[in-house]
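Structure data follow from model-v4.pdb (PDB, C-alpha atoms):
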```
MODEL        1
ATOM      1  CA  MET S   1     -15.695 -17.130   4.135
ATOM      2  CA  THR S   2     -14.439 -13.887   2.595
ATOM      3  CA  ASP S   3     -14.299 -13.594  -1.185
ATOM      4  CA  THR S   4     -10.656 -13.030  -2.187
ATOM      5  CA  THR S   5     -11.297 -11.874  -5.771
ATOM      6  CA  VAL S   6     -10.452  -8.206  -5.098
ATOM      7  CA  THR S   7      -7.398  -8.899  -2.932
ATOM      8  CA  THR S   8      -6.010 -11.465  -5.397
ATOM      9  CA  ILE S   9      -6.248  -8.922  -8.233
ATOM     10  CA  VAL S  10      -4.644  -6.183  -6.108
ATOM     11  CA  ASP S  11      -1.781  -8.483  -5.101
ATOM     12  CA  TYR S  12      -1.166  -9.517  -8.711
ATOM     13  CA  TYR S  13      -0.744  -5.906  -9.890
ATOM     14  CA  LEU S  14       1.286  -4.763  -6.884
ATOM     15  CA  ASP S  15       3.616  -7.747  -7.373
ATOM     16  CA  LYS S  16       3.853  -6.945 -11.084
ATOM     17  CA  TRP S  17       4.805  -3.339 -10.218
ATOM     18  CA  ILE S  18       7.632  -4.570  -7.989
ATOM     19  CA  LYS S  19       8.891  -7.165 -10.517
ATOM     20  CA  LEU S  20       9.093  -4.432 -13.159
ATOM     21  CA  ASP S  21      11.028  -2.280 -10.649
ATOM     22  CA  VAL S  22       8.689   0.667 -11.139
ATOM     23  CA  ASN S  23       7.591   0.942  -7.516
ATOM     24  CA  LYS S  24       9.337   4.307  -7.255
ATOM     25  CA  ARG S  25       8.291   7.929  -6.968
ATOM     26  CA  PRO S  26      10.016  11.230  -6.328
ATOM     27  CA  GLY S  27       9.840  12.744  -2.878
ATOM     28  CA  LYS S  28       9.141  11.479   0.576
ATOM     29  CA  ILE S  29       8.010   7.917   1.225
ATOM     30  CA  ASP S  30       6.548   6.910   4.566
ATOM     31  CA  PRO S  31       9.320   5.065   6.461
ATOM     32  CA  LEU S  32       7.032   2.053   6.951
ATOM     33  CA  MET S  33       6.831   1.654   3.162
ATOM     34  CA  ALA S  34      10.305   2.828   2.128
ATOM     35  CA  ASP S  35      13.154   0.651   0.891
ATOM     36  CA  ILE S  36      15.601   0.807   3.808
ATOM     37  CA  ASN S  37      18.474  -0.318   1.542
ATOM     38  CA  GLN S  38      18.101   2.515  -0.957
ATOM     39  CA  ASN S  39      20.683   5.264  -1.234
ATOM     40  CA  ALA S  40      19.255   8.295   0.578
ATOM     41  CA  ASN S  41      20.577  10.635  -2.160
ATOM     42  CA  GLU S  42      18.469   9.122  -4.942
ATOM     43  CA  GLU S  43      15.644  11.392  -6.086
ATOM     44  CA  TRP S  44      13.214   8.589  -6.955
ATOM     45  CA  ARG S  45      12.379   6.621  -3.837
ATOM     46  CA  ARG S  46      11.423   2.953  -3.867
ATOM     47  CA  TRP S  47       8.320   1.938  -1.912
ATOM     48  CA  PHE S  48       6.795  -1.397  -1.046
ATOM     49  CA  PRO S  49       3.156  -2.245  -0.397
ATOM     50  CA  ILE S  50       2.451  -3.279   3.170
ATOM     51  CA  ASP S  51      -0.496  -4.838   4.941
ATOM     52  CA  SER S  52      -3.147  -2.252   5.587
ATOM     53  CA  LYS S  53      -3.532  -0.753   9.018
ATOM     54  CA  VAL S  54      -6.983   0.687   8.217
ATOM     55  CA  ASN S  55      -9.448  -0.126  10.992
ATOM     56  CA  ASP S  56     -13.225  -0.039  11.396
ATOM     57  CA  GLU S  57     -13.150   3.226  13.338
ATOM     58  CA  GLU S  58     -11.274   4.989  10.520
ATOM     59  CA  ILE S  59     -13.749   3.610   7.967
ATOM     60  CA  ASP S  60     -16.702   4.786  10.105
ATOM     61  CA  GLU S  61     -15.172   8.260  10.463
ATOM     62  CA  PHE S  62     -14.504   8.480   6.734
ATOM     63  CA  GLU S  63     -18.025   7.322   5.856
ATOM     64  CA  GLY S  64     -19.402   9.976   8.220
ATOM     65  CA  ARG S  65     -17.431  12.637   6.392
ATOM     66  CA  LEU S  66     -18.636  11.310   3.026
ATOM     67  CA  GLY S  67     -22.229  11.037   4.106
ATOM     68  CA  HIS S  68     -22.372   7.591   2.454
ATOM     69  CA  LYS S  69     -21.534   4.043   3.462
ATOM     70  CA  LEU S  70     -18.804   2.400   1.403
ATOM     71  CA  PRO S  71     -19.310  -0.923  -0.405
ATOM     72  CA  SER S  72     -18.002  -3.963   1.471
ATOM     73  CA  ASP S  73     -15.661  -4.936  -1.408
ATOM     74  CA  TYR S  74     -14.150  -1.449  -1.362
ATOM     75  CA  ILE S  75     -13.703  -1.614   2.409
ATOM     76  CA  LEU S  76     -11.920  -4.946   1.882
ATOM     77  CA  PHE S  77      -9.724  -3.171  -0.700
ATOM     78  CA  LEU S  78      -8.899  -0.378   1.782
ATOM     79  CA  LYS S  79      -8.123  -2.900   4.528
ATOM     80  CA  HIS S  80      -5.901  -5.083   2.332
ATOM     81  CA  LYS S  81      -2.728  -3.177   1.358
ATOM     82  CA  HIS S  82      -1.166   0.259   1.520
ATOM     83  CA  PHE S  83       0.449   1.427  -1.727
ATOM     84  CA  TYR S  84       1.457   4.548  -3.597
ATOM     85  CA  ASP S  85       0.658   3.410  -7.130
ATOM     86  CA  LEU S  86      -1.790   0.800  -8.367
ATOM     87  CA  TYR S  87      -2.539   0.635 -12.087
ATOM     88  CA  ILE S  88      -4.916  -1.873 -13.634
ATOM     89  CA  SER S  89      -5.777  -1.380 -17.299
ATOM     90  CA  GLU S  90      -6.537   2.347 -17.683
ATOM     91  CA  ALA S  91      -7.339   2.821 -13.976
ATOM     92  CA  SER S  92      -4.903   4.499 -11.608
ATOM     93  CA  PHE S  93      -6.192   4.109  -8.061
ATOM     94  CA  CYS S  94      -5.945   6.903  -5.544
ATOM     95  CA  PRO S  95      -2.706   6.501  -3.553
ATOM     96  CA  HIS S  96      -3.322   4.572  -0.347
ATOM     97  CA  PRO S  97      -0.206   5.163   1.780
ATOM     98  CA  VAL S  98      -0.089   4.187   5.415
ATOM     99  CA  ASN S  99      -0.902   7.091   7.776
ATOM    100  CA  THR S 100      -2.143   9.442   5.011
ATOM    101  CA  TRP S 101      -4.646   7.362   3.032
ATOM    102  CA  ARG S 102      -7.636   9.404   4.261
ATOM    103  CA  LYS S 103      -5.914  12.652   3.248
ATOM    104  CA  GLU S 104      -5.172  11.297  -0.249
ATOM    105  CA  LEU S 105      -8.695   9.988  -0.760
ATOM    106  CA  SER S 106     -10.247  13.167   0.668
ATOM    107  CA  GLU S 107      -8.201  15.263  -1.765
ATOM    108  CA  MET S 108      -9.476  13.221  -4.697
ATOM    109  CA  ILE S 109     -13.090  13.315  -3.516
ATOM    110  CA  PHE S 110     -13.447  16.818  -2.111
ATOM    111  CA  ASN S 111     -10.678  18.897  -3.721
ATOM    112  CA  GLY S 112     -10.094  17.401  -7.160
ATOM    113  CA  TYR S 113     -12.521  18.506  -9.809
ATOM    114  CA  PRO S 114     -15.404  20.857  -8.913
ATOM    115  CA  ARG S 115     -17.487  19.299  -6.161
ATOM    116  CA  GLU S 116     -20.795  20.127  -7.829
ATOM    117  CA  TYR S 117     -20.039  17.570 -10.569
ATOM    118  CA  LEU S 118     -18.878  14.826  -8.221
ATOM    119  CA  ILE S 119     -19.537  14.410  -4.497
ATOM    120  CA  ASP S 120     -22.303  17.026  -4.434
ATOM    121  CA  SER S 121     -24.110  15.115  -7.195
ATOM    122  CA  GLY S 122     -23.602  11.690  -5.566
ATOM    123  CA  LEU S 123     -20.425  10.549  -7.335
ATOM    124  CA  ILE S 124     -17.499   9.398  -5.180
ATOM    125  CA  PRO S 125     -14.252   9.156  -7.178
ATOM    126  CA  PHE S 126     -11.633   6.570  -6.201
ATOM    127  CA  ALA S 127      -9.464   6.155  -9.319
ATOM    128  CA  ASN S 128      -8.283   8.173 -12.305
ATOM    129  CA  TRP S 129      -9.224   6.850 -15.728
ATOM    130  CA  SER S 130      -6.536   7.293 -18.366
ATOM    131  CA  ASP S 131      -5.795  11.026 -18.560
ATOM    132  CA  TRP S 132      -9.352  12.229 -19.031
ATOM    133  CA  GLY S 133     -11.602  11.077 -16.252
ATOM    134  CA  LEU S 134     -12.418   9.288 -13.030
ATOM    135  CA  LEU S 135     -13.978   6.054 -11.888
ATOM    136  CA  CYS S 136     -16.656   6.806  -9.301
ATOM    137  CA  PHE S 137     -19.244   5.134  -7.124
ATOM    138  CA  ASP S 138     -22.698   6.364  -8.167
ATOM    139  CA  THR S 139     -24.451   6.678  -4.802
ATOM    140  CA  ASN S 140     -27.643   7.756  -6.565
ATOM    141  CA  VAL S 141     -28.221   4.071  -7.344
ATOM    142  CA  ASN S 142     -27.988   1.993  -4.182
ATOM    143  CA  ASP S 143     -29.024  -1.493  -3.244
ATOM    144  CA  THR S 144     -29.414  -2.493   0.390
ATOM    145  CA  GLU S 145     -25.723  -3.468   0.571
ATOM    146  CA  ASN S 146     -24.239  -0.153  -0.682
ATOM    147  CA  ASN S 147     -23.021  -1.867  -3.846
ATOM    148  CA  TYR S 148     -23.102   1.239  -5.982
ATOM    149  CA  PRO S 149     -22.561   0.959  -9.716
ATOM    150  CA  ILE S 150     -19.265   2.257 -11.046
ATOM    151  CA  VAL S 151     -19.382   5.071 -13.587
ATOM    152  CA  MET S 152     -16.752   6.803 -15.712
ATOM    153  CA  TRP S 153     -16.817  10.562 -15.339
ATOM    154  CA  ASP S 154     -15.210  12.639 -18.088
ATOM    155  CA  HIS S 155     -13.827  16.046 -17.088
ATOM    156  CA  GLU S 156     -14.597  17.294 -20.614
ATOM    157  CA  ALA S 157     -18.325  16.485 -20.172
ATOM    158  CA  PRO S 158     -18.837  16.851 -16.414
ATOM    159  CA  ASP S 159     -22.628  16.583 -16.488
ATOM    160  CA  ASP S 160     -22.513  13.287 -18.362
ATOM    161  CA  TYR S 161     -21.086  10.037 -17.070
ATOM    162  CA  GLN S 162     -21.095   6.519 -18.429
ATOM    163  CA  TYR S 163     -21.904   3.224 -16.734
ATOM    164  CA  PHE S 164     -18.802   1.048 -16.291
ATOM    165  CA  SER S 165     -19.665  -1.827 -13.964
ATOM    166  CA  ALA S 166     -22.346  -3.128 -11.604
ATOM    167  CA  ASP S 167     -20.117  -2.794  -8.517
ATOM    168  CA  PHE S 168     -16.523  -2.577  -7.262
ATOM    169  CA  LYS S 169     -15.770  -6.310  -7.391
ATOM    170  CA  ASN S 170     -17.058  -6.662 -10.956
ATOM    171  CA  MET S 171     -15.115  -3.544 -11.933
ATOM    172  CA  MET S 172     -11.899  -5.131 -10.630
ATOM    173  CA  ILE S 173     -12.608  -8.299 -12.608
ATOM    174  CA  LYS S 174     -13.301  -6.228 -15.735
ATOM    175  CA  LEU S 175     -10.133  -4.145 -15.326
ATOM    176  CA  ASP S 176      -8.032  -7.272 -14.809
ATOM    177  CA  LYS S 177      -9.509  -8.886 -17.921
ATOM    178  CA  GLU S 178      -8.987  -5.727 -20.010
ATOM    179  CA  ASP S 179      -5.376  -5.430 -18.851
ATOM    180  CA  LYS S 180      -4.548  -9.060 -19.618
ATOM    181  CA  GLU S 181      -6.303  -8.935 -23.013
ATOM    182  CA  SER S 182      -4.405  -5.772 -23.980
ATOM    183  CA  ARG S 183      -1.089  -7.470 -23.219
ATOM    184  CA  SER S 184      -1.952 -10.631 -25.161
ATOM    185  CA  ASP S 185      -2.672  -8.546 -28.280
ATOM    186  CA  ALA S 186       0.730  -6.845 -28.151
TER     187      ALA S 186
ENDMDL
END
```

For this file, write the structure as C-alpha cells.
Amino acid sequence: MTDTTVTTIVDYYLDKWIKLDVNKRPGKIDPLMADINQNANEEWRRWFPIDSKVNDEEIDEFEGRLGHKLPSDYILFLKHKHFYDLYISEASFCPHPVNTWRKELSEMIFNGYPREYLIDSGLIPFANWSDWGLLCFDTNVNDTENNYPIVMWDHEAPDDYQYFSADFKNMMIKLDKEDKESRSDA
C-alpha cells in the first residue's frame, strides 16, 4: 500500500489555494489547467491543479540529467498533481505545470543561483524558502533508498546550509505542522 501522507498534504494546500480564490497568475496558463469560464481579457489567469501526467520515462530522463536518483516520496509528489503555485509554511514549491514541469524544475536547479553552490556541490533545489533561500535535497548524504536529507540554503551564505529535515516526507509533515501552528497563533 502506498503512503498517502505527501499527497494528502499537497491536496489540502491546493484546495486551500482554490477556496481562497488565489489560484491566479498573470500570463499564459496551459489550456489543460486554465479556467475555461474566465474572461479572456483578464490579466490574471485562474488555474486549477490537475492529475499529474508525469510518467516513469520522464522521471528516468530527468534523473539522468541530474546525475542522481530522486527520492520515492518526491517522485510520488511529482506524479500526483500539476500546479502553478504551492505554498506550505515558508516553502514555495517550484511550479509543476503540465507539459513544462521539467523546464521549470531544470531552471530552478541548473539556472537559478550559481551552480557551484548548488547542483555542482550535491544540492538539488526544489522549493524557495521565504525570500532568502531554497530547500534542497543534500545528495552528499544518501541512504540506500535515495532519501536525502533536506537542507535550507541561504543565498546570503552560499557555502553554508542548515539541516531542515530527514527526508522529503518528514519535511512535508513539518511544513504542514508549522503552517497550521502559525495560523492558530494568529

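One distance worth recording is that between CA of Ile75 in chain S and CA of Glu57 in chain S, which is 12.0 Å.
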
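Distance check against Tyr113 in chain S using only C-alpha atoms: of S:Trp17, S:Trp44, S:Trp153, S:Tyr87, the minimum falls on S:Trp153.
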
Exercise for the section: Name the residues that the PyMOL selection byres ((chain S and resi 156) around 12) pulls out of this structure, and write them as an NGL selection string. Expected result: :S and (113 or 117 or 131-134 or 152-155 or 157-161)

Handout entry: Shell around range 118-128 of chain S at 6 Å using only C-alpha atoms, local window under 4 positions removed, as a ChimeraX atom specification
Key = /S:91-94,109,133-140

Practice task
Can you turn the PyMOL selection byres ((chain S and resi 86) around 12) into a concrete residue list for this file, as an NGL selection string?
Solution key: :S and (9-18 or 22-24 or 48-49 or 77 or 81-85 or 87-97 or 126-128 or 172 or 175)

Practice task
Would you write out, as a PyMOL selection string, every residue that the PyMOL selection byres ((chain S and resi 31-33) around 6) captures in this file?
Solution key: chain S and resi 30+34+47-48

Practice task
Figure out the distance between CA of Thr5 in chain S and CA of Glu181 in chain S, please, to one decimal in Å.
Solution key: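 Calculated distance between CA of Glu181 in chain S and CA of Thr5 in chain S is 18.2 Å.
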
Handout entry: Among listed residues S:Pro71, S:Glu42, S:Asp176, S:Val98, nearest Val54 in chain S (using only C-alpha atoms)
Key =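 Residue with the minimum atom-to-atom distance to Val54 in chain S: S:Val98.
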
Exercise for the section: Find the distance between CA of Asp35 in chain S and CA of Lys19 in chain S and write it in Å to one decimal. Expected result: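 According to the coordinates, CA of Asp35 in chain S and CA of Lys19 in chain S are separated by 14.5 Å.
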
Padding of 6 Å on every side, edges along x, y and z, all listed atoms of range 76-79 of chain S included: what centre and edge lengths in Å, to one decimal, does that box have, as AutoDock Vina command-line options?
```
--center_x -10.0 --center_y -2.7 --center_z 1.9 --size_x 15.8 --size_y 16.6 --size_z 17.2
```

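Distances from S:His68, S:Arg115, S:His80, S:Lys174 to Val141 in chain S were compared using all atoms listed in the file, and the smallest one belongs to S:His68.
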
Handout entry: Residue with smallest distance to Met171 in chain S - pool S:Asn142, S:Lys69, S:Tyr74, S:Thr4, counting all atoms listed in the file
Key =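 Ranking S:Asn142, S:Lys69, S:Tyr74, S:Thr4 by distance to Met171 in chain S, first place goes to S:Tyr74.
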
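You can rank S:Thr144, S:Ser182, S:Ser52, S:Asn39 by their closest distance to Lys79 in chain S using all atoms listed in the file, and at the top of that list sits S:Ser52.
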
Mind writing range 123-148 of chain S to a file for me, with N, CA and C atoms, as a compact mmCIF listing (two decimals), in the first residue's frame?
```txt
# COMPACT_ATOMS: atom_id res chain seq x y z
N LEU S 123 23.68 19.69 -4.03
CA LEU S 123 22.38 20.16 -3.54
C LEU S 123 21.41 20.32 -4.71
N ILE S 124 20.23 19.73 -4.58
CA ILE S 124 19.21 19.82 -5.63
C ILE S 124 18.03 20.62 -5.08
N PRO S 125 17.88 21.89 -5.49
CA PRO S 125 16.76 22.69 -5.01
C PRO S 125 15.44 22.26 -5.63
N PHE S 126 14.37 22.38 -4.83
CA PHE S 126 13.02 22.07 -5.32
C PHE S 126 11.97 23.05 -4.82
N ALA S 127 12.34 23.93 -3.89
CA ALA S 127 11.39 24.92 -3.37
C ALA S 127 12.15 26.14 -2.88
N ASN S 128 11.53 27.31 -3.02
CA ASN S 128 12.06 28.53 -2.43
C ASN S 128 11.67 28.56 -0.96
N TRP S 129 12.55 29.16 -0.15
CA TRP S 129 12.25 29.32 1.27
C TRP S 129 12.17 30.81 1.56
N SER S 130 10.98 31.25 1.96
CA SER S 130 10.73 32.66 2.23
C SER S 130 11.26 33.48 1.06
N ASP S 131 11.99 34.54 1.33
CA ASP S 131 12.57 35.32 0.23
C ASP S 131 14.09 35.29 0.26
N TRP S 132 14.65 34.32 0.99
CA TRP S 132 16.10 34.33 1.17
C TRP S 132 16.81 33.03 0.86
N GLY S 133 16.10 31.99 0.51
CA GLY S 133 16.82 30.74 0.31
C GLY S 133 16.04 29.68 -0.43
N LEU S 134 16.56 28.47 -0.35
CA LEU S 134 15.99 27.32 -1.05
C LEU S 134 15.96 26.11 -0.14
N LEU S 135 14.99 25.24 -0.37
CA LEU S 135 15.01 23.91 0.22
C LEU S 135 15.61 22.98 -0.82
N CYS S 136 16.54 22.14 -0.39
CA CYS S 136 17.29 21.30 -1.32
C CYS S 136 17.45 19.88 -0.77
N PHE S 137 17.53 18.92 -1.69
CA PHE S 137 18.00 17.59 -1.32
C PHE S 137 19.51 17.67 -1.19
N ASP S 138 20.07 17.09 -0.13
CA ASP S 138 21.52 17.01 0.02
C ASP S 138 21.96 15.62 -0.41
N THR S 139 22.37 15.49 -1.67
CA THR S 139 22.74 14.19 -2.22
C THR S 139 24.09 13.70 -1.70
N ASN S 140 24.77 14.53 -0.92
CA ASN S 140 26.03 14.10 -0.31
C ASN S 140 25.80 13.10 0.81
N VAL S 141 24.57 13.07 1.32
CA VAL S 141 24.19 12.14 2.39
C VAL S 141 23.07 11.29 1.81
N ASN S 142 23.35 10.02 1.56
CA ASN S 142 22.39 9.17 0.87
C ASN S 142 22.29 7.83 1.57
N ASP S 143 21.04 7.40 1.81
CA ASP S 143 20.86 6.03 2.26
C ASP S 143 20.62 5.17 1.02
N THR S 144 20.34 3.94 1.18
CA THR S 144 20.18 3.05 0.03
C THR S 144 18.90 3.32 -0.75
N GLU S 145 18.01 4.13 -0.20
CA GLU S 145 16.72 4.42 -0.85
C GLU S 145 16.67 5.83 -1.47
N ASN S 146 17.77 6.53 -1.53
CA ASN S 146 17.83 7.90 -2.05
C ASN S 146 16.96 8.86 -1.24
N ASN S 147 16.83 8.60 0.04
CA ASN S 147 16.10 9.51 0.93
C ASN S 147 17.06 10.54 1.49
N TYR S 148 17.38 11.50 0.66
CA TYR S 148 18.34 12.53 1.05
C TYR S 148 17.75 13.44 2.13
```
